[in-house]
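Inspection log for the structure reproduced underneath, given as structure tokens.
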Amino acid sequence: MIGIIDYGMGNLRSVEKAFEYVGYEAKIIKDVDSVKEAHALVLPGVGAFPDAMDTLIKTSMLEEIKRQIDKGKLFLGICLGMQLLFEKGFEIEETEGFKIFKGQVIELPKHNKIPHMGWNSLEIKKETPLLKGVENGDYAYFVHSYYVANNEEKYVYAVTDYGVQIPAVIIKDNVFSCQFHPEKSGKVGLKILKNFGEMAKWF
């Protein structure tokens, strides 16, 4: 069972339905015991960095999620769920993140329309099972005003361009993440979620 972590941010049901569509059992979870029991974890999200971290701390899910990641449980962060994996976010106020990856989450440059909302092409930098069947130049759906910067390039598997190069897929060991929304990205997104479900069998 793939556990979709509910911390009050984003349309969780759309992620759940997308996993079900590609043939994998998924369940929205909102407590520590469910985080422990899930075979794999997904952290989606649309909202503010500090609010998300505050909720995860207050519900005691933050430390349990990190504990499960350390144990090798497969994990996928989506949009805000990806950004929270970094050292700090600077939305509204400076806020510490999970610190799984080095880097900060900062506001997109103002020379382009903010938020970055819509379809953008992916430039694939390295192969990964998560992107099996996804072609260089395929489009994914983005909705965000902040992006990851000052990060380690060796973990970046795909980028997109929006007046600045934006890390679109970042992976380290059992931790997978994407800045775009696979559940809103049509056939490309469904391939990615199916690939994640397939990988969950081996973790």
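Following the order of the structure tokens, chains are lettered A, B, ..., residues in each are numbered from 1, and ligands are numbered from 1.
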
Tell me which protein, DNA and RNA residues are within 7 Å of stretch 169-177 of chain A, counting only C-alpha atoms, leaving out same-chain ones fewer than 2 positions away, and put them as a PDB file with N, CA, C and O atoms, in the first residue's frame.
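Result file follows (selection-v1.pdb):
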```pdb
ATOM      1  N   GLY A  72      15.086   3.036   4.677  1.00  0.00           N
ATOM      2  CA  GLY A  72      15.093   2.617   3.287  1.00  0.00           C
ATOM      3  C   GLY A  72      13.740   2.546   2.620  1.00  0.00           C
ATOM      4  O   GLY A  72      13.620   2.066   1.490  1.00  0.00           O
ATOM      5  N   LYS A  73      12.700   3.056   3.270  1.00  0.00           N
ATOM      6  CA  LYS A  73      11.361   3.029   2.664  1.00  0.00           C
ATOM      7  C   LYS A  73      11.326   3.968   1.459  1.00  0.00           C
ATOM      8  O   LYS A  73      11.860   5.079   1.506  1.00  0.00           O
ATOM      9  N   LEU A  74      10.700   3.512   0.381  1.00  0.00           N
ATOM     10  CA  LEU A  74      10.607   4.301  -0.839  1.00  0.00           C
ATOM     11  C   LEU A  74       9.732   5.535  -0.600  1.00  0.00           C
ATOM     12  O   LEU A  74       8.663   5.437   0.014  1.00  0.00           O
ATOM     13  N   PHE A  75      10.190   6.676  -1.112  1.00  0.00           N
ATOM     14  CA  PHE A  75       9.539   7.959  -0.818  1.00  0.00           C
ATOM     15  C   PHE A  75       9.477   8.790  -2.089  1.00  0.00           C
ATOM     16  O   PHE A  75      10.423   8.844  -2.868  1.00  0.00           O
ATOM     17  N   LEU A  76       8.338   9.471  -2.280  1.00  0.00           N
ATOM     18  CA  LEU A  76       8.177  10.400  -3.399  1.00  0.00           C
ATOM     19  C   LEU A  76       7.627  11.715  -2.890  1.00  0.00           C
ATOM     20  O   LEU A  76       6.550  11.773  -2.295  1.00  0.00           O
ATOM     21  N   GLY A  77       8.355  12.801  -3.131  1.00  0.00           N
ATOM     22  CA  GLY A  77       7.893  14.145  -2.808  1.00  0.00           C
ATOM     23  C   GLY A  77       7.410  14.845  -4.070  1.00  0.00           C
ATOM     24  O   GLY A  77       8.092  14.806  -5.101  1.00  0.00           O
ATOM     25  N   ILE A  78       6.241  15.476  -4.005  1.00  0.00           N
ATOM     26  CA  ILE A  78       5.648  16.145  -5.159  1.00  0.00           C
ATOM     27  C   ILE A  78       5.469  17.632  -4.859  1.00  0.00           C
ATOM     28  O   ILE A  78       4.851  17.999  -3.864  1.00  0.00           O
ATOM     29  N   MET A  82       8.438  18.014  -2.488  1.00  0.00           N
ATOM     30  CA  MET A  82       9.844  17.978  -2.886  1.00  0.00           C
ATOM     31  C   MET A  82      10.627  19.074  -2.176  1.00  0.00           C
ATOM     32  O   MET A  82      11.704  18.843  -1.625  1.00  0.00           O
ATOM     33  N   TYR A 155      22.423  15.059  -7.874  1.00  0.00           N
ATOM     34  CA  TYR A 155      21.139  14.426  -7.587  1.00  0.00           C
ATOM     35  C   TYR A 155      20.024  14.873  -8.525  1.00  0.00           C
ATOM     36  O   TYR A 155      18.886  14.433  -8.386  1.00  0.00           O
ATOM     37  N   VAL A 156      20.355  15.748  -9.477  1.00  0.00           N
ATOM     38  CA  VAL A 156      19.344  16.277 -10.403  1.00  0.00           C
ATOM     39  C   VAL A 156      19.252  15.375 -11.634  1.00  0.00           C
ATOM     40  O   VAL A 156      20.236  15.193 -12.352  1.00  0.00           O
ATOM     41  N   TYR A 157      18.076  14.829 -11.879  1.00  0.00           N
ATOM     42  CA  TYR A 157      17.867  13.908 -12.996  1.00  0.00           C
ATOM     43  C   TYR A 157      17.097  14.545 -14.149  1.00  0.00           C
ATOM     44  O   TYR A 157      17.117  14.028 -15.266  1.00  0.00           O
ATOM     45  N   ALA A 158      16.410  15.635 -13.902  1.00  0.00           N
ATOM     46  CA  ALA A 158      15.719  16.363 -14.966  1.00  0.00           C
ATOM     47  C   ALA A 158      15.537  17.813 -14.540  1.00  0.00           C
ATOM     48  O   ALA A 158      15.439  18.109 -13.340  1.00  0.00           O
ATOM     49  N   VAL A 159      15.508  18.700 -15.528  1.00  0.00           N
ATOM     50  CA  VAL A 159      15.308  20.127 -15.261  1.00  0.00           C
ATOM     51  C   VAL A 159      14.262  20.662 -16.229  1.00  0.00           C
ATOM     52  O   VAL A 159      13.895  20.017 -17.214  1.00  0.00           O
ATOM     53  N   PRO A 167      15.335  22.670 -11.129  1.00  0.00           N
ATOM     54  CA  PRO A 167      15.399  21.225 -10.930  1.00  0.00           C
ATOM     55  C   PRO A 167      13.984  20.648 -10.920  1.00  0.00           C
ATOM     56  O   PRO A 167      13.138  21.089 -10.141  1.00  0.00           O
ATOM     57  N   GLN A 179       9.277  18.429  -9.008  1.00  0.00           N
ATOM     58  CA  GLN A 179       8.695  19.753  -8.775  1.00  0.00           C
ATOM     59  C   GLN A 179       7.317  19.873  -9.423  1.00  0.00           C
ATOM     60  O   GLN A 179       6.453  20.592  -8.941  1.00  0.00           O
TER      61      GLN A 179
END
```

Please give the complete set of residues from stretch 39-170 of chain A that DSSP, run on the backbone, assigns to strand (DSSP E), formatted as a ChimeraX atom specification.
-> /A:40-43,74-78,88-89,95-96,104-107,116-121,123-124,139-144,146-149,156-161,165-170

Have a look at atom CA of A:Lys102 and atom CA of A:Glu153 and let me know their distance in Å, one decimal.
-> 10.1 Å

Do a neighbour search on A:Ser145 at 7 Å with only C-alpha atoms, toss out local chain neighbours closer than 4 positions, and write the hits as an mmCIF file with C-alpha atoms, in the first residue's frame.
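Generated output (out02.cif):
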```cif
data_model
loop_
_atom_site.group_PDB
_atom_site.id
_atom_site.type_symbol
_atom_site.label_atom_id
_atom_site.label_comp_id
_atom_site.auth_asym_id
_atom_site.auth_seq_id
_atom_site.Cartn_x
_atom_site.Cartn_y
_atom_site.Cartn_z
ATOM 1 C CA GLU A 107 11.352 32.687 -4.897
ATOM 2 C CA LEU A 108 11.388 32.466 -8.679
ATOM 3 C CA ILE A 114 4.670 34.128 -10.982
ATOM 4 C CA PRO A 115 3.442 31.577 -10.181
ATOM 5 C CA HIS A 116 4.948 29.327 -12.810
#
```

Long-range neighbours of A:Ala200 as a list in words, 8 Å cut-off, only C-alpha atoms, 3 positions minimum in chain |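 Close residues of A:Ala200: His39, Ala40, Leu74, Phe196, Gly197 and Phe203 of chain A.
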
With N, CA, C and O atoms retained, export the selected residues as a short mmCIF file (atom, residue, chain, number, x, y, z; two decimals), in the first residue's frame.
```
data_model
loop_
_atom_site.label_atom_id
_atom_site.label_comp_id
_atom_site.auth_asym_id
_atom_site.auth_seq_id
_atom_site.Cartn_x
_atom_site.Cartn_y
_atom_site.Cartn_z
N HIS A 39 3.76 0.77 2.72
CA HIS A 39 4.88 0.13 2.04
C HIS A 39 5.78 1.17 1.38
O HIS A 39 6.99 0.97 1.26
N ALA A 40 5.18 2.25 0.92
CA ALA A 40 5.90 3.38 0.33
C ALA A 40 5.16 4.65 0.69
O ALA A 40 3.97 4.61 1.01
N LEU A 74 10.70 3.51 0.38
CA LEU A 74 10.61 4.30 -0.84
C LEU A 74 9.73 5.54 -0.60
O LEU A 74 8.66 5.44 0.01
N PHE A 196 6.86 4.48 -10.11
CA PHE A 196 7.06 4.52 -8.66
C PHE A 196 6.41 3.32 -7.99
O PHE A 196 7.00 2.67 -7.12
N GLY A 197 5.21 2.99 -8.42
CA GLY A 197 4.53 1.83 -7.87
C GLY A 197 5.30 0.55 -8.15
O GLY A 197 5.39 -0.34 -7.28
N PHE A 203 11.50 -2.40 -2.84
CA PHE A 203 12.04 -1.74 -1.64
C PHE A 203 11.45 -2.37 -0.38
O PHE A 203 10.34 -2.88 -0.38
#
```

Residue with smallest distance to A:Phe142 - pool A:Val42, A:Met1, A:Cys178, A:Ile69, counting only C-alpha atoms | A:Cys178

Using only C-alpha atoms, which residues sit within 12 Å of A:Leu12 once same-chain residues fewer than 5 positions away are excluded, as a list in words?
-> Gly3, Ile4, Ile5, Asp6, Tyr7, Lys17, Ala18, Phe19, Ala26, Lys27, Ile28, Ile29, Lys30, Val42, Leu43, Pro44, Gly45, Val46, Ile78, Gly81, His181, Glu183 and Lys184 of chain A

Those selected residues, please, written with C-alpha atoms and delivered as a PDB file, in the first residue's frame.
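Saved to result17.pdb:
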```
ATOM      1  CA  GLY A   3       0.584   5.957   1.781  1.00  0.00           C
ATOM      2  CA  ILE A   4      -0.255   9.503   0.661  1.00  0.00           C
ATOM      3  CA  ILE A   5       0.559  11.767   3.588  1.00  0.00           C
ATOM      4  CA  ASP A   6      -2.208  14.200   4.538  1.00  0.00           C
ATOM      5  CA  TYR A   7      -0.878  17.344   6.196  1.00  0.00           C
ATOM      6  CA  LYS A  17      -7.013   8.305  -7.936  1.00  0.00           C
ATOM      7  CA  ALA A  18      -3.997   8.524 -10.277  1.00  0.00           C
ATOM      8  CA  PHE A  19      -2.256   5.663  -8.462  1.00  0.00           C
ATOM      9  CA  ALA A  26      -3.028   3.958  -2.413  1.00  0.00           C
ATOM     10  CA  LYS A  27      -4.475   5.363   0.788  1.00  0.00           C
ATOM     11  CA  ILE A  28      -4.526   8.834   2.325  1.00  0.00           C
ATOM     12  CA  ILE A  29      -2.853   8.660   5.740  1.00  0.00           C
ATOM     13  CA  LYS A  30      -2.603  11.244   8.534  1.00  0.00           C
ATOM     14  CA  VAL A  42       4.160   9.998  -1.019  1.00  0.00           C
ATOM     15  CA  LEU A  43       4.332  13.589   0.248  1.00  0.00           C
ATOM     16  CA  PRO A  44       2.274  15.807  -2.086  1.00  0.00           C
ATOM     17  CA  GLY A  45       1.404  19.415  -1.462  1.00  0.00           C
ATOM     18  CA  VAL A  46       0.238  22.809  -2.622  1.00  0.00           C
ATOM     19  CA  ILE A  78       5.648  16.145  -5.159  1.00  0.00           C
ATOM     20  CA  GLY A  81       6.587  17.817  -0.932  1.00  0.00           C
ATOM     21  CA  HIS A 181       2.526  17.414 -10.487  1.00  0.00           C
ATOM     22  CA  GLU A 183      -1.150  13.503 -11.151  1.00  0.00           C
ATOM     23  CA  LYS A 184      -1.918  16.495 -13.413  1.00  0.00           C
TER      24      LYS A 184
END
```

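Of note, atom CA of A:Gly23 and atom CA of A:Leu130 are spaced 16.1 Å apart.
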
Atom-to-atom span, atom CA of A:His144 and atom CA of A:Met9, Å |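 One can read the atom CA of A:His144 to atom CA of A:Met9 distance as 13.3 Å.
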